[in-house]
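Student: Before anything else, here's the structure in question.
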Amino acid sequence: MFRLMPFTRRALAAAATLSALAIGPRLTLAQGGCTAGETTIRAGDARLARLTAIPADSIQMTMEREGAVRPFGAYSQHVSRTSVSGRPALLFAQRGSSPRGTALDSIWVDARTWAPIRHWADTPGNRFDVSYRDGRVTGRAMHGDTAKTIDQALPEGTFDHSVTSTAIRAVALCPGAVIRVSGYDPARGEIAETVHRVVSAESVEIGGAPRDVWAMEVAVGGRTVKMHVDRATGRELDWAVTGPGGATLHGTSQIFGDR
């Protein structure tokens with residue numbers, strides 16, 4: 001999505017061929033009260049350990065320009081439990097398609113702390129394989145025909161950028177809540193901060209049925225994504241972002257029955 005979205009790994013993004021999650025447990029949401037105001041969540045936050053599973057999701061995308069709407073592609077994500085060198089981990093498998101082609105991403109994070117372990121990707125124009133260890137990210141990237149070695153220090157508590165939107169589900173939400181989260185984006189070689197703001201609690205029709213949602217605005221990459229998040233599950237049900245050329249990209253979840 002013009003590479004704007006952490007929750008889709010930039011709209012072309014990535015996810016999934018893991019059938020195991022289809023029979024896996026539901027997402028455990030943040031418990032407790034919410035107070036309006038600003039908070040920051042970092043890898044290692046104790047609240048992340050309660051996110052015991054994340055449901056599979058599938059999103060259909062459309063592009064709207066000058067009143068005309070056309071299909072733009074699809075995005076899916078599955079998360080499964082695994083291990084890396086004997087360390088309990090979560091694997092985010094992402095797959096996205098768009099007019100540019102198909103993007104595949106696999107992101108491994110620590111199952112308790114969500115500290116990043118590895119991110120492999122093969123996307124239109126970009127390929128990379130990076131590992132996170134001892135406060136550094138190292139690996140190799142290909143941007144077109146140009147190879148690059150990655151080796152840089154990261155602040156403590158930095159996520160991988162592709163899982164930041166899922167991580168905010170560890171925080172209780174209410175109108176006026178603002179959640180800041182930062183993640184390293186291997187495609188760009190930089191840390192990106194995302195700011196999620198809960199605007200209001202609403203009831204809207206999505207997918208042919210009424211949904212109780214949080215209306216949210218997400219600031220990322222110099223743009224604002226408007227979205228509705230299911231209050232019961234924390235899943236993004238739909239979103240929209242306007243690109244630099246005036247076209248608006250829309251995404252709508254295709255999984256509504258699992259509440």
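In the structure tokens, chains take letters A, B, ... by order of appearance, with residues numbered from 1 within each chain and ligands from 1 in the order shown.
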Out of segment 19-202 of chain A, which residues get strand (DSSP E) from DSSP, as a ChimeraX atom specification?
Tutor: /A:37-40,57-65,68-84,87-98,101-110,116-123,126-133,136-143,146-153,159-160,177-185,190-202
Student: Skipping near chain neighbours, those fewer than 5 positions away, what residues fall within 10 Å of Met227 of chain A using only C-alpha atoms, listed as a count of residues only?
Tutor: 16
Student: Using only C-alpha atoms, which residue out of A:Thr233, A:Thr224, A:Thr194, A:Ser253 lies closest to Ile206 of chain A?
Tutor: A:Ser253
Student: Enumerate the residues of segment 100-198 of chain A with a DSSP assignment of alpha helix (DSSP H), computed from the backbone, and present them as a PyMOL selection string.
Tutor: chain A and resi 164-167
Student: Please dump the current selection as a CSV table (one decimal), in the first residue's frame; keep N, CA and C atoms.
Tutor:
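In the end it all went to again-v1.csv:
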```
chain,number,residue,atom,x,y,z
A,164,THR,N,4.2,-4.7,14.3
A,164,THR,CA,3.8,-3.6,15.3
A,164,THR,C,2.3,-3.5,15.5
A,165,SER,N,1.5,-3.6,14.4
A,165,SER,CA,0.1,-3.4,14.5
A,165,SER,C,-0.5,-4.5,15.3
A,166,THR,N,0.0,-5.7,15.3
A,166,THR,CA,-0.5,-6.8,16.1
A,166,THR,C,-0.1,-6.6,17.6
A,167,ALA,N,1.0,-6.0,17.8
A,167,ALA,CA,1.5,-5.8,19.2
A,167,ALA,C,0.6,-4.8,20.0
```
Student: With only C-alpha atoms as the basis for distance, which of A:Thr113, A:Ser162, A:Thr123, A:Thr248 is at the shortest distance from Ile41 of chain A?
Tutor: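 Of A:Thr113, A:Ser162, A:Thr123, A:Thr248, the one nearest Ile41 of chain A is A:Thr113, counting only C-alpha atoms.
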Student: Tell me which protein, DNA and RNA residues are within 12 Å of segment 147-157 of chain A, counting only C-alpha atoms, leaving out same-chain ones fewer than 2 positions away, and put them as a ChimeraX atom specification.
Tutor: /A:40-46,48,113-116,125-145,159-161,164,181-192
Student: How would the residues just picked look written out with N, CA and C atoms as a compact mmCIF listing (two decimals), in the first residue's frame?
Tutor:
```txt
# COMPACT_ATOMS: atom_id res chain seq x y z
N THR A 40 3.43 3.97 25.33
CA THR A 40 4.35 3.36 24.37
C THR A 40 4.50 1.89 24.71
N ILE A 41 4.45 1.04 23.71
CA ILE A 41 4.68 -0.39 23.93
C ILE A 41 5.96 -0.79 23.22
N ARG A 42 6.78 -1.59 23.91
CA ARG A 42 8.06 -2.03 23.38
C ARG A 42 8.18 -3.55 23.50
N ALA A 43 9.00 -4.13 22.66
CA ALA A 43 9.28 -5.56 22.78
C ALA A 43 9.81 -5.82 24.19
N GLY A 44 9.31 -6.87 24.81
CA GLY A 44 9.67 -7.17 26.18
C GLY A 44 8.62 -6.75 27.19
N ASP A 45 7.63 -5.97 26.75
CA ASP A 45 6.54 -5.57 27.63
C ASP A 45 5.81 -6.83 28.13
N ALA A 46 5.58 -6.91 29.43
CA ALA A 46 4.96 -8.10 30.02
C ALA A 46 3.58 -8.39 29.44
N LEU A 48 2.68 -8.42 26.43
CA LEU A 48 2.75 -9.17 25.18
C LEU A 48 2.66 -10.67 25.40
N THR A 113 8.31 -12.35 24.60
CA THR A 113 8.66 -10.93 24.60
C THR A 113 8.36 -10.22 23.29
N TRP A 114 8.17 -10.99 22.21
CA TRP A 114 8.01 -10.46 20.86
C TRP A 114 9.26 -9.75 20.35
N ALA A 115 10.40 -10.00 20.99
CA ALA A 115 11.66 -9.49 20.45
C ALA A 115 11.90 -10.16 19.10
N PRO A 116 12.28 -9.42 18.07
CA PRO A 116 12.46 -10.01 16.75
C PRO A 116 13.64 -10.97 16.72
N GLY A 125 11.04 -6.16 -6.27
CA GLY A 125 12.10 -5.16 -6.16
C GLY A 125 12.97 -5.29 -4.93
N ASN A 126 12.58 -6.11 -3.94
CA ASN A 126 13.36 -6.22 -2.71
C ASN A 126 13.42 -7.67 -2.25
N ARG A 127 14.59 -8.08 -1.79
CA ARG A 127 14.77 -9.36 -1.12
C ARG A 127 15.72 -9.13 0.05
N PHE A 128 15.42 -9.74 1.17
CA PHE A 128 16.36 -9.61 2.29
C PHE A 128 16.18 -10.75 3.27
N ASP A 129 17.22 -10.95 4.06
CA ASP A 129 17.21 -11.95 5.12
C ASP A 129 18.05 -11.38 6.25
N VAL A 130 17.40 -10.99 7.34
CA VAL A 130 18.11 -10.36 8.45
C VAL A 130 17.84 -11.12 9.74
N SER A 131 18.79 -11.05 10.65
CA SER A 131 18.66 -11.65 11.97
C SER A 131 18.88 -10.58 13.03
N TYR A 132 18.19 -10.76 14.16
CA TYR A 132 18.30 -9.83 15.28
C TYR A 132 18.96 -10.55 16.45
N ARG A 133 20.02 -9.93 17.00
CA ARG A 133 20.70 -10.56 18.13
C ARG A 133 21.55 -9.53 18.85
N ASP A 134 21.50 -9.59 20.19
CA ASP A 134 22.36 -8.75 21.03
C ASP A 134 22.27 -7.27 20.66
N GLY A 135 21.07 -6.80 20.40
CA GLY A 135 20.87 -5.38 20.13
C GLY A 135 21.28 -4.93 18.74
N ARG A 136 21.49 -5.88 17.81
CA ARG A 136 21.88 -5.52 16.46
C ARG A 136 21.02 -6.28 15.45
N VAL A 137 20.91 -5.73 14.25
CA VAL A 137 20.29 -6.42 13.13
C VAL A 137 21.36 -6.57 12.06
N THR A 138 21.53 -7.81 11.55
CA THR A 138 22.55 -8.08 10.55
C THR A 138 21.96 -8.93 9.45
N GLY A 139 22.54 -8.85 8.26
CA GLY A 139 22.07 -9.69 7.16
C GLY A 139 22.39 -9.07 5.82
N ARG A 140 21.65 -9.52 4.80
CA ARG A 140 21.87 -9.07 3.44
C ARG A 140 20.55 -8.65 2.82
N ALA A 141 20.61 -7.68 1.93
CA ALA A 141 19.43 -7.20 1.22
C ALA A 141 19.78 -6.96 -0.24
N MET A 142 18.77 -7.19 -1.11
CA MET A 142 18.90 -6.87 -2.53
C MET A 142 17.80 -5.87 -2.88
N HIS A 143 18.17 -4.70 -3.35
CA HIS A 143 17.22 -3.71 -3.82
C HIS A 143 17.42 -3.59 -5.33
N GLY A 144 16.51 -4.24 -6.08
CA GLY A 144 16.74 -4.36 -7.52
C GLY A 144 17.95 -5.24 -7.75
N ASP A 145 18.97 -4.70 -8.41
CA ASP A 145 20.20 -5.45 -8.65
C ASP A 145 21.32 -5.05 -7.70
N PHE A 159 10.67 -3.51 17.92
CA PHE A 159 10.03 -4.62 17.23
C PHE A 159 10.55 -4.74 15.81
N ASP A 160 10.17 -5.81 15.11
CA ASP A 160 10.21 -5.81 13.66
C ASP A 160 8.97 -5.05 13.20
N HIS A 161 9.13 -4.18 12.21
CA HIS A 161 8.04 -3.29 11.80
C HIS A 161 6.78 -4.04 11.38
N THR A 164 4.16 -4.69 14.35
CA THR A 164 3.82 -3.64 15.31
C THR A 164 2.31 -3.46 15.47
N VAL A 181 4.42 2.91 18.89
CA VAL A 181 5.19 1.68 18.77
C VAL A 181 6.20 1.85 17.64
N SER A 182 7.42 1.36 17.86
CA SER A 182 8.48 1.51 16.87
C SER A 182 8.99 0.15 16.43
N GLY A 183 9.29 0.01 15.14
CA GLY A 183 9.81 -1.24 14.62
C GLY A 183 10.81 -0.99 13.51
N TYR A 184 11.78 -1.88 13.40
CA TYR A 184 12.77 -1.79 12.34
C TYR A 184 12.20 -2.34 11.05
N ASP A 185 12.34 -1.58 9.97
CA ASP A 185 11.86 -1.97 8.65
C ASP A 185 13.07 -2.36 7.80
N PRO A 186 13.30 -3.68 7.60
CA PRO A 186 14.48 -4.10 6.83
C PRO A 186 14.46 -3.60 5.39
N ALA A 187 13.28 -3.42 4.80
CA ALA A 187 13.21 -2.97 3.41
C ALA A 187 13.77 -1.57 3.26
N ARG A 188 13.60 -0.76 4.29
CA ARG A 188 14.10 0.62 4.23
C ARG A 188 15.38 0.82 5.02
N GLY A 189 15.70 -0.13 5.88
CA GLY A 189 16.90 0.00 6.69
C GLY A 189 16.78 1.07 7.74
N GLU A 190 15.58 1.25 8.29
CA GLU A 190 15.39 2.30 9.28
C GLU A 190 14.28 1.92 10.26
N ILE A 191 14.25 2.62 11.37
CA ILE A 191 13.21 2.41 12.38
C ILE A 191 12.05 3.33 12.06
N ALA A 192 10.85 2.77 12.04
CA ALA A 192 9.64 3.54 11.76
C ALA A 192 8.75 3.54 13.00
```
Student: Taking only C-alpha atoms into account, name the residue in A:Ala170, A:Ala103, A:Ala36, A:Ile59 that is nearest to Gly207 of chain A.
Tutor: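 Closest residue, counting only C-alpha atoms: A:Ile59.
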Student: Which residue out of A:Pro175, A:Pro88, A:Gly234, A:Gly33 has the minimum interatomic distance to Arg112 of chain A when only C-alpha atoms are used?
Tutor: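 Among the listed residues, the smallest separation from Arg112 of chain A belongs to A:Pro88.
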Student: Which residues are close to segment 65-80 of chain A, i.e. within 6 Å by only C-alpha atoms, leaving aside same-chain residues fewer than 5 positions away? Reply as a tab-separated table (two decimals) with C-alpha atoms, in the first residue's frame.
Tutor:
```
chain	number	residue	atom	x	y	z
A	15	ALA	CA	1.50	-13.52	4.56
A	16	ALA	CA	0.73	-17.03	4.65
A	21	LEU	CA	-3.53	-21.77	12.70
A	56	ALA	CA	-5.53	-15.86	10.52
A	57	ASP	CA	-6.79	-12.98	8.43
A	58	SER	CA	-7.40	-12.16	4.80
A	59	ILE	CA	-7.93	-8.71	3.32
A	60	GLN	CA	-9.21	-7.72	-0.11
A	90	LEU	CA	5.87	-17.13	16.80
A	91	LEU	CA	6.08	-17.23	13.02
A	92	PHE	CA	4.17	-14.56	11.11
A	93	ALA	CA	3.70	-15.82	7.54
A	94	GLN	CA	2.47	-13.06	5.25
A	95	ARG	CA	1.51	-12.99	1.60
A	96	GLY	CA	0.37	-10.04	-0.48
A	97	SER	CA	-0.50	-9.49	-4.12
A	98	SER	CA	-0.89	-6.27	-6.07
A	247	ALA	CA	-5.95	7.69	-5.13
```
Student: Under the rule that only C-alpha atoms are counted, which of A:Val163, A:Val229, A:Val84, A:Val220 is the nearest residue to Glu202 of chain A?
Tutor: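 Once distances to Glu202 of chain A are computed over only C-alpha atoms, the minimum belongs to A:Val229.
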Student: Give me, please, the distance in Å between atom CA of Ala49 of chain A and atom CA of Asp212 of chain A, quoted to one decimal.
Tutor: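 Straight-line distance from atom CA of Ala49 of chain A to atom CA of Asp212 of chain A works out to 25.9 Å.
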